[in-house]
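One structure is given below, encoded as structure tokens.
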Amino acid sequence: MAGHTENEITIAAPVDLVWEMTNDLESWPQLFSEYASCEVLSREGDTVTFRLTMHPDENGKVWSWVSERVADREKLTVRARRVETGPFEYMNILWEYEETPDGTRMHWTQDFAMKPDAPVDDAGMTEIINRNSPIQMALIRDRIEQAAGERRTAPSRPA
């Protein structure tokens, strides 16, 4: 059995700003509340390999792993996969962006399977992701909408 989740949110901001901020990996610790650090290990064209480290969990354990993201700006998609899988047999994530009359719709699809010795099974991880993704998406929305507001109200410079 495998896990599958889908979560989405609409952000009242232009797609260019949403794309820029959500694909600036070095700023993820300021965009997400769960990441303590994000270290870019390599960039080759539209492919970025990076290490994410989370804040300690309730038991003091720090989770860290290497992932790879391939961005397709033209299609407004990003495909990511864990390179160091940790407790997962695999974890694949698809980020999709769509311009809407209300702003930018951001949709995350996560497909994964847990290893037999993982601390939770597929159903447990599905529950965790479906509980946490909306929280993180709301934080991202709020931070991007704040940045959009600041850009709209920034004084223009004389020519």
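Here, A, B, ... name the chains of the structure tokens in the order displayed, residue numbers run from 1 inside each chain, and ligands are numbered from 1 in the same displayed order.
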
**Request:** May I have the residues within 10 Å of range 84-97 of chain A as a PyMOL selection string, using only C-alpha atoms and disregarding those fewer than 2 positions away in the same chain?
**Result:** chain A and resi 2-10+15-16+18-19+22+51+63-73+75-82+99-100+104-122+125

**Request:** Determine which residues of chain A DSSP labels as alpha helix (DSSP H) from the backbone of this structure, then write them out as a ChimeraX atom specification.
**Result:** /A:15-22,28-31,122-153

**Item:** 12 Å contact set for Arg151 in chain A, only C-alpha atoms, chain neighbours under 6 positions out, as a list in words
**Value:** Ala13, Pro14, Leu17, Ile144 and Glu145 of chain A

**Message:** Just list as a PyMOL selection string whatever in range 2-156 of chain A DSSP marks as strand (DSSP E or B).
**Reply:** chain A and resi 3-11+35-44+47-54+64-72+77-82+88-100+103-114

**Item:** Nearest to Asn23 in chain A, chosen from A:Thr47, A:Asn59, A:Thr53, A:Thr153, with only C-alpha atoms counted in the distances
**Value:** A:Thr47

**Message:** Report as an NGL selection string all protein, DNA and RNA residues lying within 12 Å of range 33-35 of chain A, evaluated on only C-alpha atoms, omitting residues in the same chain fewer than 3 positions from it.
**Reply:** :A and (25-30 or 38-39 or 51-57 or 62-65 or 132-133 or 135-140 or 143)

Please dump the current selection as a PDB file, in the first residue's frame; keep N, CA and C atoms.
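Dumped everything to part12.pdb:
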```pdb
ATOM      1  N   LEU A  25      14.852  28.302  -2.453  1.00  0.00           N
ATOM      2  CA  LEU A  25      15.032  27.287  -1.406  1.00  0.00           C
ATOM      3  C   LEU A  25      15.772  27.814  -0.190  1.00  0.00           C
ATOM      4  N   GLU A  26      16.739  28.691  -0.413  1.00  0.00           N
ATOM      5  CA  GLU A  26      17.509  29.205   0.730  1.00  0.00           C
ATOM      6  C   GLU A  26      16.622  29.952   1.719  1.00  0.00           C
ATOM      7  N   SER A  27      15.475  30.457   1.267  1.00  0.00           N
ATOM      8  CA  SER A  27      14.588  31.194   2.185  1.00  0.00           C
ATOM      9  C   SER A  27      13.517  30.304   2.809  1.00  0.00           C
ATOM     10  N   TRP A  28      13.525  29.006   2.511  1.00  0.00           N
ATOM     11  CA  TRP A  28      12.490  28.123   3.074  1.00  0.00           C
ATOM     12  C   TRP A  28      12.398  28.157   4.594  1.00  0.00           C
ATOM     13  N   PRO A  29      13.511  28.286   5.341  1.00  0.00           N
ATOM     14  CA  PRO A  29      13.354  28.360   6.810  1.00  0.00           C
ATOM     15  C   PRO A  29      12.519  29.579   7.254  1.00  0.00           C
ATOM     16  N   GLN A  30      12.444  30.632   6.429  1.00  0.00           N
ATOM     17  CA  GLN A  30      11.605  31.782   6.747  1.00  0.00           C
ATOM     18  C   GLN A  30      10.195  31.630   6.174  1.00  0.00           C
ATOM     19  N   CYS A  38      17.984  24.960   5.137  1.00  0.00           N
ATOM     20  CA  CYS A  38      17.944  24.408   3.789  1.00  0.00           C
ATOM     21  C   CYS A  38      19.278  24.750   3.137  1.00  0.00           C
ATOM     22  N   GLU A  39      20.035  23.721   2.823  1.00  0.00           N
ATOM     23  CA  GLU A  39      21.366  23.905   2.235  1.00  0.00           C
ATOM     24  C   GLU A  39      21.343  23.394   0.794  1.00  0.00           C
ATOM     25  N   ARG A  51      19.677  19.884   0.985  1.00  0.00           N
ATOM     26  CA  ARG A  51      19.438  19.211   2.265  1.00  0.00           C
ATOM     27  C   ARG A  51      18.497  20.057   3.100  1.00  0.00           C
ATOM     28  N   LEU A  52      17.404  19.431   3.539  1.00  0.00           N
ATOM     29  CA  LEU A  52      16.464  20.057   4.459  1.00  0.00           C
ATOM     30  C   LEU A  52      16.682  19.479   5.846  1.00  0.00           C
ATOM     31  N   THR A  53      16.663  20.333   6.845  1.00  0.00           N
ATOM     32  CA  THR A  53      16.762  19.904   8.241  1.00  0.00           C
ATOM     33  C   THR A  53      15.600  20.535   8.992  1.00  0.00           C
ATOM     34  N   MET A  54      14.861  19.699   9.681  1.00  0.00           N
ATOM     35  CA  MET A  54      13.700  20.175  10.429  1.00  0.00           C
ATOM     36  C   MET A  54      14.107  20.605  11.834  1.00  0.00           C
ATOM     37  N   HIS A  55      13.237  21.378  12.467  1.00  0.00           N
ATOM     38  CA  HIS A  55      13.397  21.671  13.883  1.00  0.00           C
ATOM     39  C   HIS A  55      13.189  20.356  14.641  1.00  0.00           C
ATOM     40  N   PRO A  56      13.753  20.214  15.825  1.00  0.00           N
ATOM     41  CA  PRO A  56      13.566  18.969  16.593  1.00  0.00           C
ATOM     42  C   PRO A  56      12.080  18.667  16.800  1.00  0.00           C
ATOM     43  N   ASP A  57      11.734  17.370  16.727  1.00  0.00           N
ATOM     44  CA  ASP A  57      10.345  16.973  16.971  1.00  0.00           C
ATOM     45  C   ASP A  57      10.086  16.921  18.474  1.00  0.00           C
ATOM     46  N   VAL A  62      15.988  15.271  15.363  1.00  0.00           N
ATOM     47  CA  VAL A  62      16.108  16.182  14.237  1.00  0.00           C
ATOM     48  C   VAL A  62      16.119  15.345  12.963  1.00  0.00           C
ATOM     49  N   TRP A  63      15.150  15.566  12.093  1.00  0.00           N
ATOM     50  CA  TRP A  63      15.065  14.854  10.820  1.00  0.00           C
ATOM     51  C   TRP A  63      15.731  15.695   9.739  1.00  0.00           C
ATOM     52  N   SER A  64      16.516  15.035   8.892  1.00  0.00           N
ATOM     53  CA  SER A  64      17.212  15.717   7.808  1.00  0.00           C
ATOM     54  C   SER A  64      17.307  14.764   6.624  1.00  0.00           C
ATOM     55  N   TRP A  65      17.230  15.297   5.420  1.00  0.00           N
ATOM     56  CA  TRP A  65      17.312  14.467   4.221  1.00  0.00           C
ATOM     57  C   TRP A  65      17.717  15.313   3.028  1.00  0.00           C
ATOM     58  N   ASN A 132      -0.506  18.619   8.423  1.00  0.00           N
ATOM     59  CA  ASN A 132       0.542  19.631   8.405  1.00  0.00           C
ATOM     60  C   ASN A 132       0.540  20.494   7.142  1.00  0.00           C
ATOM     61  N   SER A 133       0.246  19.901   5.984  1.00  0.00           N
ATOM     62  CA  SER A 133       0.318  20.673   4.736  1.00  0.00           C
ATOM     63  C   SER A 133      -0.571  21.917   4.756  1.00  0.00           C
ATOM     64  N   ILE A 135      -1.423  23.715   7.241  1.00  0.00           N
ATOM     65  CA  ILE A 135      -0.794  24.677   8.154  1.00  0.00           C
ATOM     66  C   ILE A 135       0.351  25.381   7.444  1.00  0.00           C
ATOM     67  N   GLN A 136       1.223  24.603   6.788  1.00  0.00           N
ATOM     68  CA  GLN A 136       2.362  25.192   6.086  1.00  0.00           C
ATOM     69  C   GLN A 136       1.889  26.050   4.915  1.00  0.00           C
ATOM     70  N   MET A 137       0.889  25.565   4.186  1.00  0.00           N
ATOM     71  CA  MET A 137       0.374  26.341   3.048  1.00  0.00           C
ATOM     72  C   MET A 137      -0.216  27.671   3.510  1.00  0.00           C
ATOM     73  N   ALA A 138      -0.894  27.684   4.635  1.00  0.00           N
ATOM     74  CA  ALA A 138      -1.458  28.933   5.155  1.00  0.00           C
ATOM     75  C   ALA A 138      -0.352  29.912   5.546  1.00  0.00           C
ATOM     76  N   LEU A 139       0.721  29.395   6.156  1.00  0.00           N
ATOM     77  CA  LEU A 139       1.872  30.252   6.476  1.00  0.00           C
ATOM     78  C   LEU A 139       2.481  30.836   5.214  1.00  0.00           C
ATOM     79  N   ILE A 140       2.673  29.978   4.210  1.00  0.00           N
ATOM     80  CA  ILE A 140       3.242  30.430   2.934  1.00  0.00           C
ATOM     81  C   ILE A 140       2.335  31.493   2.320  1.00  0.00           C
ATOM     82  N   ARG A 143       2.669  34.784   4.216  1.00  0.00           N
ATOM     83  CA  ARG A 143       3.964  35.447   4.005  1.00  0.00           C
ATOM     84  C   ARG A 143       4.076  36.010   2.588  1.00  0.00           C
TER      85      ARG A 143
END
```

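If you measure from each of A:Asp102, A:Glu20, A:Asp142, A:Glu127 to Phe32 in chain A using only C-alpha atoms, the closest one turns out to be A:Asp142.
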